[in-house]
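One file, my_file_13.tsv, carrying TSV, C-alpha atoms:
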```tsv
chain	number	residue	atom	x	y	z
A	266	MET	CA	79.66	12.97	-15.55
A	267	ASN	CA	81.09	13.54	-12.11
A	268	GLU	CA	83.50	10.77	-11.24
A	269	ASN	CA	82.85	11.25	-7.53
A	270	VAL	CA	79.34	9.89	-7.98
A	271	ILE	CA	78.97	6.29	-6.91
A	272	LEU	CA	75.19	5.93	-6.96
A	273	GLU	CA	72.53	7.72	-8.94
A	274	CYS	CA	68.78	7.11	-8.88
A	275	GLN	CA	66.63	8.98	-11.39
A	276	SER	CA	62.84	9.15	-11.02
A	277	LEU	CA	63.08	5.71	-9.48
A	278	THR	CA	59.65	4.16	-9.06
A	279	LYS	CA	58.50	0.74	-7.86
A	280	LYS	CA	54.84	-0.16	-7.89
A	281	TYR	CA	53.26	-3.23	-6.31
A	282	GLY	CA	49.74	-3.41	-7.77
A	283	ASN	CA	48.36	0.03	-7.03
A	284	PHE	CA	50.80	0.70	-4.20
A	285	TYR	CA	53.83	2.88	-4.79
A	286	ALA	CA	56.67	1.46	-2.68
A	287	LEU	CA	58.95	4.11	-4.22
A	288	SER	CA	57.77	7.02	-6.24
A	289	ASN	CA	59.92	9.28	-8.40
A	290	LEU	CA	62.94	9.12	-6.16
A	291	ASP	CA	65.98	11.14	-7.20
A	292	LEU	CA	69.17	10.53	-5.29
A	293	THR	CA	72.87	11.01	-5.88
A	294	LEU	CA	75.51	9.66	-3.51
A	295	GLU	CA	79.17	10.57	-3.73
A	296	LYS	CA	82.10	8.40	-2.78
A	297	GLY	CA	83.77	8.53	0.62
A	298	GLN	CA	80.66	8.91	2.75
A	299	ILE	CA	78.77	6.99	5.40
A	300	VAL	CA	75.08	7.53	4.81
A	301	GLY	CA	72.15	6.56	7.04
A	302	LEU	CA	68.96	5.44	5.32
A	303	LEU	CA	66.20	6.15	7.78
A	304	GLY	CA	62.46	5.85	7.69
A	305	PRO	CA	59.56	4.15	9.44
A	306	ASN	CA	58.53	0.58	8.64
A	307	GLY	CA	57.14	0.25	5.15
A	308	SER	CA	58.57	3.57	3.93
A	309	GLY	CA	60.52	1.97	1.07
A	310	LYS	CA	64.03	1.52	2.47
A	311	THR	CA	64.40	-2.14	1.62
A	312	THR	CA	62.73	-1.65	-1.77
A	313	LEU	CA	65.35	0.99	-2.61
A	314	ILE	CA	68.14	-1.30	-1.44
A	315	LYS	CA	66.82	-4.24	-3.47
A	316	LEU	CA	66.56	-2.06	-6.58
A	317	ILE	CA	70.19	-0.97	-6.16
A	318	ASN	CA	71.22	-4.60	-5.90
A	319	GLY	CA	69.20	-5.71	-8.89
A	320	LEU	CA	66.91	-7.95	-6.83
A	321	LEU	CA	63.92	-5.96	-8.07
A	322	THR	CA	63.43	-4.18	-11.37
A	323	PRO	CA	62.10	-0.63	-11.36
A	324	THR	CA	58.61	0.10	-12.65
A	325	ALA	CA	60.00	3.38	-13.98
A	326	GLY	CA	63.20	5.37	-13.71
A	327	GLN	CA	66.68	3.95	-13.25
A	328	VAL	CA	69.47	3.10	-10.83
A	329	MET	CA	73.09	3.54	-11.85
A	330	ILE	CA	76.13	2.42	-9.93
A	331	ARG	CA	79.22	4.04	-11.38
A	332	GLN	CA	77.10	4.61	-14.49
A	333	MET	CA	76.24	0.92	-14.78
A	334	ALA	CA	72.81	-0.60	-14.32
A	335	PRO	CA	72.69	-3.33	-11.64
A	336	SER	CA	74.41	-6.36	-13.15
A	337	PRO	CA	77.17	-8.87	-12.40
A	338	ALA	CA	79.60	-6.00	-13.06
A	339	THR	CA	78.09	-3.86	-10.30
A	340	LYS	CA	78.00	-6.83	-7.91
A	341	LYS	CA	81.77	-6.84	-8.11
A	342	ILE	CA	81.93	-3.39	-6.56
A	343	VAL	CA	78.89	-3.53	-4.27
A	344	SER	CA	79.04	-5.43	-0.99
A	345	TYR	CA	75.53	-6.09	0.25
A	346	LEU	CA	74.20	-7.27	3.58
A	347	PRO	CA	70.53	-8.24	3.12
A	348	GLU	CA	68.00	-7.88	5.91
A	349	ARG	CA	67.46	-11.63	5.89
A	350	SER	CA	70.02	-14.35	6.12
A	351	TYR	CA	70.94	-16.10	2.89
A	352	ILE	CA	73.76	-18.25	4.20
A	353	ASN	CA	73.52	-22.01	4.27
A	354	PRO	CA	72.99	-23.07	7.90
A	355	HIS	CA	74.79	-26.37	7.39
A	356	MET	CA	78.04	-24.72	6.42
A	357	LYS	CA	80.81	-23.97	8.87
A	358	VAL	CA	81.99	-20.38	9.37
A	359	GLN	CA	85.34	-21.32	7.86
A	360	GLU	CA	83.62	-22.78	4.78
A	361	MET	CA	81.69	-19.52	4.34
A	362	LEU	CA	84.99	-17.62	4.38
A	363	THR	CA	86.47	-19.90	1.72
A	364	TYR	CA	83.28	-19.57	-0.29
A	365	PHE	CA	83.38	-15.77	-0.18
A	366	ALA	CA	87.10	-15.75	-0.97
A	367	ALA	CA	86.46	-17.88	-4.06
A	368	PHE	CA	83.47	-15.80	-5.12
A	369	TYR	CA	84.76	-12.26	-4.66
A	370	ASP	CA	88.17	-11.11	-5.86
A	371	ASP	CA	88.18	-8.28	-3.32
A	372	PHE	CA	87.56	-10.48	-0.27
A	373	SER	CA	90.32	-10.45	2.38
A	374	LEU	CA	90.55	-13.71	4.29
A	375	GLU	CA	93.00	-12.08	6.66
A	376	THR	CA	90.61	-9.26	7.61
A	377	ALA	CA	87.75	-11.69	8.14
A	378	THR	CA	89.84	-14.07	10.27
A	379	GLY	CA	91.05	-11.16	12.40
A	380	MET	CA	87.53	-9.92	13.05
A	381	LEU	CA	86.29	-13.42	13.94
A	382	ARG	CA	89.14	-13.67	16.42
A	383	ASP	CA	88.31	-10.27	17.97
A	384	LEU	CA	84.69	-11.29	18.42
A	385	GLU	CA	85.71	-14.74	19.70
A	386	ILE	CA	83.78	-16.61	17.05
A	387	ASP	CA	85.04	-20.14	16.42
A	388	PRO	CA	85.46	-20.68	12.64
A	389	SER	CA	84.84	-24.41	12.97
A	390	MET	CA	81.26	-23.85	14.18
A	391	ARG	CA	78.35	-24.61	11.91
A	392	LEU	CA	76.19	-21.57	11.21
A	393	ARG	CA	73.03	-23.23	12.48
A	394	ALA	CA	74.70	-23.70	15.86
A	395	LEU	CA	75.25	-19.95	16.25
A	396	SER	CA	72.89	-17.57	18.05
A	397	LYS	CA	70.95	-14.99	16.02
A	398	GLY	CA	73.31	-12.20	17.07
A	399	THR	CA	76.46	-14.19	16.29
A	400	LYS	CA	75.08	-15.17	12.88
A	401	GLU	CA	74.51	-11.48	12.18
A	402	LYS	CA	78.07	-10.71	13.19
A	403	VAL	CA	79.43	-13.41	10.86
A	404	GLN	CA	77.45	-12.04	7.92
A	405	LEU	CA	78.58	-8.52	8.62
A	406	ILE	CA	82.19	-9.71	8.83
A	407	LEU	CA	81.83	-11.39	5.44
A	408	VAL	CA	80.41	-8.24	3.89
A	409	MET	CA	82.90	-5.84	5.49
A	410	SER	CA	85.90	-7.99	4.57
A	411	ARG	CA	85.45	-7.09	0.93
A	412	ASP	CA	87.24	-4.08	-0.53
A	413	ALA	CA	84.16	-2.74	-2.29
A	414	GLN	CA	83.25	0.72	-3.55
A	415	LEU	CA	79.72	0.68	-2.20
A	416	TYR	CA	78.59	-1.18	0.92
A	417	ILE	CA	74.88	-1.54	1.50
A	418	LEU	CA	73.91	-2.74	4.94
A	419	ASP	CA	70.22	-3.41	5.56
A	420	GLU	CA	69.61	-3.36	9.33
A	421	PRO	CA	73.11	-4.55	10.26
A	422	ILE	CA	73.06	-4.21	14.03
A	423	GLY	CA	69.49	-4.95	15.04
A	424	GLY	CA	70.11	-8.29	16.71
A	425	VAL	CA	73.45	-7.72	18.40
A	426	ASP	CA	74.06	-6.55	21.96
A	427	PRO	CA	75.24	-2.97	22.67
A	428	ALA	CA	78.85	-3.94	23.39
A	429	ALA	CA	79.17	-5.88	20.14
A	430	ARG	CA	77.39	-3.01	18.39
A	431	ASP	CA	80.20	-0.67	19.47
A	432	TYR	CA	82.77	-3.13	18.18
A	433	ILE	CA	80.93	-3.46	14.86
A	434	LEU	CA	80.76	0.31	14.39
A	435	ARG	CA	84.47	0.56	15.12
A	436	MET	CA	85.08	-2.31	12.72
A	437	ILE	CA	83.16	-0.41	10.03
A	438	LEU	CA	85.17	2.77	10.68
A	439	LYS	CA	88.41	0.83	10.64
A	440	ASN	CA	87.83	-1.27	7.56
A	441	TYR	CA	86.09	0.87	5.06
A	442	ASN	CA	88.24	2.43	2.41
A	443	GLU	CA	88.17	6.24	2.49
A	444	ASP	CA	86.91	6.33	-1.08
A	445	ALA	CA	84.11	3.85	-0.46
A	446	THR	CA	80.54	4.77	0.39
A	447	LEU	CA	78.42	3.01	2.98
A	448	LEU	CA	74.64	3.08	2.93
A	449	ILE	CA	73.24	1.82	6.23
A	450	SER	CA	69.56	1.31	6.86
A	451	THR	CA	68.65	1.17	10.54
A	452	HIS	CA	66.20	2.10	13.26
A	453	LEU	CA	68.97	2.42	15.84
A	454	ILE	CA	69.74	6.02	14.96
A	455	THR	CA	71.35	7.08	18.24
A	456	ASP	CA	73.84	4.23	18.01
A	457	ILE	CA	75.14	5.19	14.60
A	458	GLU	CA	74.52	8.93	14.42
A	459	ASN	CA	78.12	9.87	15.21
A	460	ILE	CA	79.61	7.79	12.43
A	461	LEU	CA	77.34	9.16	9.70
A	462	ASP	CA	78.15	11.94	7.22
A	463	ARG	CA	74.59	12.38	6.15
A	464	VAL	CA	71.13	10.96	6.53
A	465	LEU	CA	68.31	10.28	4.13
A	466	PHE	CA	64.76	10.26	5.46
A	467	ILE	CA	62.37	8.19	3.40
A	468	GLN	CA	58.65	8.72	3.78
A	469	ASN	CA	55.93	7.04	1.71
A	470	GLY	CA	58.41	6.05	-0.97
A	471	GLN	CA	59.84	9.56	-1.33
A	472	LEU	CA	62.93	11.32	-0.12
A	473	ALA	CA	61.80	13.61	2.70
A	474	LEU	CA	65.25	14.84	3.74
A	475	ASN	CA	68.84	14.58	2.57
A	476	ALA	CA	71.16	16.50	4.91
A	477	SER	CA	74.44	16.14	6.78
A	478	VAL	CA	74.26	15.26	10.48
A	479	ASP	CA	76.01	18.48	11.49
A	480	GLU	CA	73.73	20.56	9.23
A	481	ILE	CA	70.75	19.14	11.09
A	482	ARG	CA	72.35	19.84	14.45
A	483	THR	CA	73.44	23.36	13.46
A	484	ASP	CA	70.17	24.37	11.82
A	485	ARG	CA	67.74	22.76	14.24
A	486	GLY	CA	69.73	22.30	17.43
A	487	LYS	CA	68.70	18.70	17.76
A	488	SER	CA	69.99	15.24	17.04
A	489	VAL	CA	68.97	13.21	14.00
A	490	ASP	CA	67.19	10.85	16.37
A	491	SER	CA	65.01	13.66	17.81
A	492	LEU	CA	64.31	15.03	14.34
A	493	PHE	CA	63.26	11.56	13.19
A	494	ARG	CA	60.85	11.21	16.12
A	495	GLU	CA	59.39	14.60	15.28
A	496	VAL	CA	59.01	14.05	11.52
A	497	PHE	CA	57.60	10.55	11.85
A	498	LYS	CA	55.50	11.08	14.95
A	499	CYS	CA	52.67	8.53	15.08
B	124	MET	CA	86.42	4.54	24.94
B	125	PRO	CA	84.32	6.59	22.50
B	126	TRP	CA	84.34	10.29	23.35
B	127	ASP	CA	81.41	11.57	25.31
B	128	LEU	CA	79.41	13.72	22.91
B	129	GLU	CA	76.18	15.61	23.39
B	130	ASN	CA	73.50	14.95	20.84
B	131	ASP	CA	72.04	18.40	20.26
B	132	ARG	CA	75.17	20.24	19.08
B	133	PRO	CA	77.26	19.82	15.93
B	134	ILE	CA	79.70	16.96	16.33
B	135	TYR	CA	82.68	18.74	14.75
B	136	LEU	CA	82.41	21.60	17.28
B	137	GLN	CA	82.50	19.12	20.15
B	138	LEU	CA	85.50	17.36	18.63
B	139	MET	CA	87.30	20.72	18.39
B	140	GLU	CA	86.52	21.46	22.04
B	141	ARG	CA	87.71	18.05	23.13
B	142	ILE	CA	91.02	18.41	21.28
B	143	GLN	CA	91.48	21.89	22.77
B	144	GLN	CA	90.84	20.43	26.23
B	145	ASP	CA	93.39	17.72	25.54
B	146	ILE	CA	95.96	20.34	24.54
B	147	ILE	CA	95.36	22.22	27.81
B	148	LYS	CA	95.44	19.03	29.85
B	149	GLY	CA	98.79	18.23	28.30
B	150	VAL	CA	97.70	15.10	26.45
B	151	TYR	CA	99.37	16.81	23.48
B	152	GLN	CA	102.43	19.00	24.05
B	153	PRO	CA	103.04	22.32	22.27
B	154	GLY	CA	104.89	21.43	19.07
B	155	GLY	CA	103.91	17.79	19.50
B	156	LYS	CA	102.39	15.62	16.84
B	157	ILE	CA	98.74	14.66	16.97
B	158	PRO	CA	97.41	11.31	15.76
B	159	SER	CA	96.07	10.95	12.22
B	160	VAL	CA	92.46	11.74	11.33
B	161	ARG	CA	91.78	8.06	11.00
B	162	GLU	CA	93.22	7.18	14.43
B	163	LEU	CA	91.40	10.04	16.15
B	164	ALA	CA	88.11	9.19	14.43
B	165	LEU	CA	88.44	5.60	15.52
B	166	GLU	CA	89.25	6.59	19.09
B	167	ALA	CA	86.32	9.00	19.26
B	168	ALA	CA	84.05	6.60	17.33
B	169	VAL	CA	83.01	9.30	14.89
B	170	ASN	CA	82.96	9.73	11.14
B	171	PRO	CA	86.47	10.43	9.74
B	172	ASN	CA	85.14	13.31	7.59
B	173	THR	CA	83.74	14.98	10.71
B	174	MET	CA	87.10	14.59	12.47
B	175	GLN	CA	88.78	16.00	9.36
B	176	LYS	CA	86.51	19.04	9.54
B	177	ALA	CA	87.30	19.59	13.24
B	178	LEU	CA	91.04	19.45	12.54
B	179	SER	CA	90.74	21.78	9.53
B	180	GLU	CA	88.91	24.29	11.72
B	181	LEU	CA	91.62	24.04	14.39
B	182	GLU	CA	94.16	24.57	11.64
B	183	ARG	CA	92.32	27.68	10.50
B	184	SER	CA	92.49	29.08	14.03
B	185	GLY	CA	96.23	28.43	14.07
B	186	LEU	CA	96.22	26.01	17.02
B	187	VAL	CA	97.21	23.15	14.79
B	188	TYR	CA	99.37	23.20	11.71
B	189	SER	CA	100.05	20.52	9.17
B	190	GLN	CA	103.27	19.58	7.52
B	191	ARG	CA	102.64	18.17	4.12
B	192	THR	CA	104.17	14.76	4.61
B	193	SER	CA	104.62	14.25	8.32
B	194	GLY	CA	101.19	15.03	9.75
B	195	ARG	CA	99.63	17.58	12.08
B	196	PHE	CA	101.29	19.33	15.01
B	197	ILE	CA	100.21	21.53	17.91
B	198	THR	CA	101.37	25.12	17.65
B	199	GLU	CA	104.30	26.26	19.81
B	200	ASP	CA	102.89	29.77	19.97
B	201	LYS	CA	102.44	30.28	23.74
B	202	LYS	CA	100.35	33.41	23.24
B	203	LEU	CA	97.90	31.56	21.02
B	204	LEU	CA	97.65	28.71	23.54
B	205	SER	CA	96.95	30.99	26.47
B	206	HIS	CA	94.45	32.92	24.35
B	207	MET	CA	92.65	29.66	23.64
B	208	LYS	CA	92.62	28.87	27.35
B	209	SER	CA	91.04	32.20	28.26
B	210	GLU	CA	88.50	31.84	25.45
B	211	LEU	CA	87.48	28.43	26.82
B	212	ALA	CA	87.24	29.91	30.31
B	213	LYS	CA	84.94	32.64	29.00
B	214	THR	CA	82.70	30.04	27.40
B	215	HIS	CA	82.46	28.05	30.64
B	216	ILE	CA	81.66	31.20	32.64
B	217	HIS	CA	79.05	32.27	30.12
B	218	ASP	CA	77.39	28.82	30.25
B	219	PHE	CA	77.45	28.90	34.04
B	220	PHE	CA	75.83	32.33	34.19
B	221	THR	CA	73.19	31.28	31.69
B	222	SER	CA	72.14	28.28	33.77
B	223	MET	CA	72.22	30.27	37.03
B	224	ARG	CA	70.06	33.03	35.52
B	225	GLN	CA	67.66	30.35	34.33
B	226	LEU	CA	67.40	29.29	37.97
B	227	GLY	CA	66.30	32.84	38.74
B	228	PHE	CA	69.41	34.27	40.43
B	229	CYS	CA	70.56	37.81	39.75
B	230	ASP	CA	74.25	38.47	39.11
B	231	GLU	CA	75.00	39.68	42.70
B	232	GLU	CA	73.44	36.55	44.15
B	233	ILE	CA	75.44	34.38	41.76
B	234	LEU	CA	78.68	36.10	42.81
B	235	GLU	CA	77.79	35.64	46.47
B	236	LEU	CA	77.10	31.94	45.96
B	237	VAL	CA	80.39	31.51	44.12
B	238	THR	CA	82.37	33.24	46.88
B	239	GLU	CA	80.66	31.10	49.47
B	240	ALA	CA	81.38	27.92	47.52
B	241	ILE	CA	85.07	28.80	47.15
B	242	LYS	CA	85.31	29.46	50.90
B	243	LYS	CA	83.79	26.07	51.68
B	244	GLU	CA	86.08	24.28	49.26
B	245	THR	CA	89.23	25.83	50.74
B	246	GLU	CA	88.06	25.00	54.28
B	247	GLN	CA	87.71	21.32	53.43
```

Hey, can you dump this file as structure tokens for me?
Amino acid sequence: MNENVILECQSLTKKYGNFYALSNLDLTLEKGQIVGLLGPNGSGKTTLIKLINGLLTPTAGQVMIRQMAPSPATKKIVSYLPERSYINPHMKVQEMLTYFAAFYDDFSLETATGMLRDLEIDPSMRLRALSKGTKEKVQLILVMSRDAQLYILDEPIGGVDPAARDYILRMILKNYNEDATLLISTHLITDIENILDRVLFIQNGQLALNASVDEIRTDRGKSVDSLFREVFKC
Amino acid sequence: MPWDLENDRPIYLQLMERIQQDIIKGVYQPGGKIPSVRELALEAAVNPNTMQKALSELERSGLVYSQRTSGRFITEDKKLLSHMKSELAKTHIHDFFTSMRQLGFCDEEILELVTEAIKKETEQ
């Protein structure tokens, strides 16, 4: 077994009734990479992410994180930002930090506090009082302040303005450990293309492409964004 | 400020070109140290592995060399530096001719236009 492998999916399949959300997906991700998970709405991105995080169980096939099936043990090394908010709106930002610090051994209060300061977010605010974009920033800060081996971000920058988006991308580049792997699902390809090692295209629950950004540019003379528009043309 | 990168060409090539430009512009001196991969990647807002590849390629061409513990440095080889400069000039000229030919000018016409443009610029 290759010890560089962080994530391995074998014949991974998820069926809802007669509909295959994922079908026979094989995927291996190595450590130390930033990977874009791209695909049109309903292609299976979030299903894949939920399977990796143990929020869904596969109909067939398996997911392994460092050779372990999703479990409390894998949650210790996976930092996950879900597409929907799960934080308690009545809590204050500061309370969320304390909560995360108590819950995860690898959470750095110092990193989180620094990022809140940079983004001028007041820790004494209650979460329900924050705008949608600011709430997203807080959740991303919580997730990125862990020293995990695998970060999974489901649509992390959708609701934030372009300037804050730049800051967030820089924050990701600055904070992730060189040995960690980041899997980012997004529709904002142009915004994140330059920070990606490779991209995965998912189409109808199957892997349509797994290539490095510079391979795509060298072989086809176009950006990932243009290729996406071509492959998934409506 | 993130570096200005085009989106239809490999990123590592553009990073190499940018660092070469910076050497010529004197941002980095011959023999001088260049920032770490991490710092440069952050400044450019690109993936650190891509920056690593750009620097490895520059190392292969001899423009940059690394010292095991203390980091990467610009070569002091003046010949190599001036060679790089003329190579970059050739690329620019080639690109210029390509776009002018696409506009439908023949080489004599292009030369004429260039001479004219230089004359105007020196008059100003």

Residues of chain A that approach chain B to 8 Å or less, counting all atoms listed in the file: could you list each one with the shortest pair of atoms and its distance in Å to one decimal, rows by chain and increasing residue number, as a Markdown table?
```
| residue | atom | partner | partner_atom | distance |
| --- | --- | --- | --- | --- |
| A:Gln298 | CA | B:Asn172 | CA | 7.9 |
| A:Ile299 | CA | B:Asn170 | CA | 7.6 |
| A:Leu434 | CA | B:Ala168 | CA | 7.7 |
| A:Arg435 | CA | B:Leu165 | CA | 6.4 |
| A:Leu438 | CA | B:Leu165 | CA | 6.5 |
| A:Lys439 | CA | B:Leu165 | CA | 6.8 |
| A:Asn459 | CA | B:Val169 | CA | 4.9 |
| A:Ile460 | CA | B:Asn170 | CA | 4.1 |
| A:Leu461 | CA | B:Asn170 | CA | 5.8 |
| A:Asp462 | CA | B:Asn170 | CA | 6.6 |
| A:Val478 | CA | B:Pro133 | CA | 7.7 |
| A:Asp479 | CA | B:Pro133 | CA | 4.8 |
| A:Glu480 | CA | B:Pro133 | CA | 7.6 |
| A:Arg482 | CA | B:Pro133 | CA | 5.1 |
| A:Thr483 | CA | B:Pro133 | CA | 5.8 |
| A:Gly486 | CA | B:Asp131 | CA | 5.3 |
| A:Lys487 | CA | B:Asp131 | CA | 4.2 |
| A:Ser488 | CA | B:Asp131 | CA | 5.0 |
```

Can you pull out every residue within 12 Å of Leu234 of chain B, counting only C-alpha atoms, but drop anything in the same chain fewer than 4 positions away, and send it as a ChimeraX atom specification?
/B:216,219-220,223-224,228-230,238-241

So how many Å separate atom CA of Gly307 of chain A and atom CA of Lys341 of chain A, to one decimal?
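Atom CA of Lys341 of chain A lies at a distance of 28.9 Å from atom CA of Gly307 of chain A.
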
Could you tell me how far atom CA of Thr363 of chain A lies from atom CA of Pro347 of chain A, in Å and to one decimal?
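According to the coordinates, atom CA of Thr363 of chain A and atom CA of Pro347 of chain A are separated by 19.8 Å.
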
Interatomic distance, atom CA of Phe493 of chain A to atom CA of Gly309 of chain A (Å, one decimal):
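Pair atom CA of Phe493 of chain A / atom CA of Gly309 of chain A returns 15.7 Å.
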
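Nearest residue to Met207 of chain B among B:Gly185, B:Gly194, B:Gly155, B:Gly227 is B:Gly185, counting only C-alpha atoms.
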
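Counting only C-alpha atoms, the residue from B:Glu235, B:Met139, B:Gly154, B:Ser159 that sits nearest to Thr192 of chain B is B:Ser159.
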
From the options A:Ala413, A:Ile317, A:Met329, A:Leu384, which residue's atoms come nearest to Gln275 of chain A, counting all atoms listed in the file?
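Smallest distance to Gln275 of chain A is found for A:Met329.
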
At a cut-off of 8 Å, using all atoms listed in the file, what residues contact Ser450 of chain A? Leave out same-chain residues fewer than 5 positions from it and give the result as a PDB file with C-alpha atoms, in the frame of the given file.
```
ATOM      1  CA  GLY A 301      72.150   6.560   7.040  1.00  0.00           C
ATOM      2  CA  LEU A 302      68.960   5.440   5.320  1.00  0.00           C
ATOM      3  CA  LEU A 303      66.200   6.150   7.780  1.00  0.00           C
ATOM      4  CA  LYS A 310      64.030   1.520   2.470  1.00  0.00           C
ATOM      5  CA  LEU A 418      73.910  -2.740   4.940  1.00  0.00           C
ATOM      6  CA  ASP A 419      70.220  -3.410   5.560  1.00  0.00           C
ATOM      7  CA  GLU A 420      69.610  -3.360   9.330  1.00  0.00           C
ATOM      8  CA  PRO A 421      73.110  -4.550  10.260  1.00  0.00           C
TER       9      PRO A 421
END
```

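Among the candidates A:Leu392, A:Cys499, A:Ile271, A:Leu465, the residue lying nearest to Ile481 of chain A is A:Leu465 (atoms considered: all atoms listed in the file).
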
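Nearest to Gln468 of chain A of all the residues A:Ser288, A:Gln404, A:Met436, A:Leu272 is A:Ser288, counting all atoms listed in the file.
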
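The shortest atom-to-atom distance to Glu443 of chain A, with all atoms listed in the file taken into account, belongs to A:Leu415 out of A:Val270, A:Leu346, A:Leu415, A:Leu294.
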
List the neighbours of Leu313 of chain A out to 9 Å using all atoms listed in the file; skip same-chain residues closer than 4 positions along the sequence, and give me the result as a list in words.
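The residues that qualify are Leu277, Lys279, Ala286, Leu287, Gly309, Ile317, Asn318, Leu321 and Gly470 of chain A.
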
Give me, as number ranges by chain, all polymer residues having an atom no more than 12 Å from Ser209 of chain B, counting all atoms listed in the file and skipping those fewer than 5 positions away in the same chain.
B: 143-144, 147, 202-204, 214-216

Can you save segment 443-483 of chain A of the given block to a file, including C-alpha atoms and formatted as a PDB file, in the first residue's frame?
```
ATOM      1  CA  GLU A 443       2.294  20.764   2.578  1.00  0.00           C
ATOM      2  CA  ASP A 444       1.476  17.121   3.241  1.00  0.00           C
ATOM      3  CA  ALA A 445      -2.261  17.701   3.467  1.00  0.00           C
ATOM      4  CA  THR A 446      -4.700  17.311   0.607  1.00  0.00           C
ATOM      5  CA  LEU A 447      -7.565  19.659  -0.134  1.00  0.00           C
ATOM      6  CA  LEU A 448     -10.620  18.628  -2.106  1.00  0.00           C
ATOM      7  CA  ILE A 449     -12.638  21.679  -3.134  1.00  0.00           C
ATOM      8  CA  SER A 450     -15.974  21.479  -4.867  1.00  0.00           C
ATOM      9  CA  THR A 451     -16.967  24.676  -6.650  1.00  0.00           C
ATOM     10  CA  HIS A 452     -18.572  26.289  -9.666  1.00  0.00           C
ATOM     11  CA  LEU A 453     -16.235  29.275  -9.475  1.00  0.00           C
ATOM     12  CA  ILE A 454     -13.510  27.615 -11.505  1.00  0.00           C
ATOM     13  CA  THR A 455     -11.732  30.736 -12.753  1.00  0.00           C
ATOM     14  CA  ASP A 456     -11.316  31.992  -9.208  1.00  0.00           C
ATOM     15  CA  ILE A 457      -9.545  28.899  -7.958  1.00  0.00           C
ATOM     16  CA  GLU A 458      -7.901  27.483 -11.081  1.00  0.00           C
ATOM     17  CA  ASN A 459      -4.451  28.867 -10.255  1.00  0.00           C
ATOM     18  CA  ILE A 460      -4.296  27.287  -6.829  1.00  0.00           C
ATOM     19  CA  LEU A 461      -5.243  23.788  -7.990  1.00  0.00           C
ATOM     20  CA  ASP A 462      -2.878  20.902  -8.748  1.00  0.00           C
ATOM     21  CA  ARG A 463      -5.493  18.873 -10.505  1.00  0.00           C
ATOM     22  CA  VAL A 464      -9.154  18.754 -11.338  1.00  0.00           C
ATOM     23  CA  LEU A 465     -11.750  16.020 -11.341  1.00  0.00           C
ATOM     24  CA  PHE A 466     -14.726  16.350 -13.662  1.00  0.00           C
ATOM     25  CA  ILE A 467     -17.771  14.439 -12.505  1.00  0.00           C
ATOM     26  CA  GLN A 468     -20.531  13.690 -14.970  1.00  0.00           C
ATOM     27  CA  ASN A 469     -23.625  11.574 -14.280  1.00  0.00           C
ATOM     28  CA  GLY A 470     -22.036  10.023 -11.218  1.00  0.00           C
ATOM     29  CA  GLN A 471     -18.847   9.035 -13.034  1.00  0.00           C
ATOM     30  CA  LEU A 472     -15.358  10.425 -13.267  1.00  0.00           C
ATOM     31  CA  ALA A 473     -15.112  12.068 -16.691  1.00  0.00           C
ATOM     32  CA  LEU A 474     -11.626  13.553 -16.261  1.00  0.00           C
ATOM     33  CA  ASN A 475      -8.775  13.466 -13.766  1.00  0.00           C
ATOM     34  CA  ALA A 476      -5.890  15.655 -14.951  1.00  0.00           C
ATOM     35  CA  SER A 477      -3.500  18.323 -13.712  1.00  0.00           C
ATOM     36  CA  VAL A 478      -4.317  21.943 -14.548  1.00  0.00           C
ATOM     37  CA  ASP A 479      -1.095  22.385 -16.511  1.00  0.00           C
ATOM     38  CA  GLU A 480      -1.659  19.106 -18.406  1.00  0.00           C
ATOM     39  CA  ILE A 481      -5.004  20.479 -19.563  1.00  0.00           C
ATOM     40  CA  ARG A 482      -3.448  23.781 -20.567  1.00  0.00           C
ATOM     41  CA  THR A 483      -0.493  22.121 -22.336  1.00  0.00           C
TER      42      THR A 483
END
```
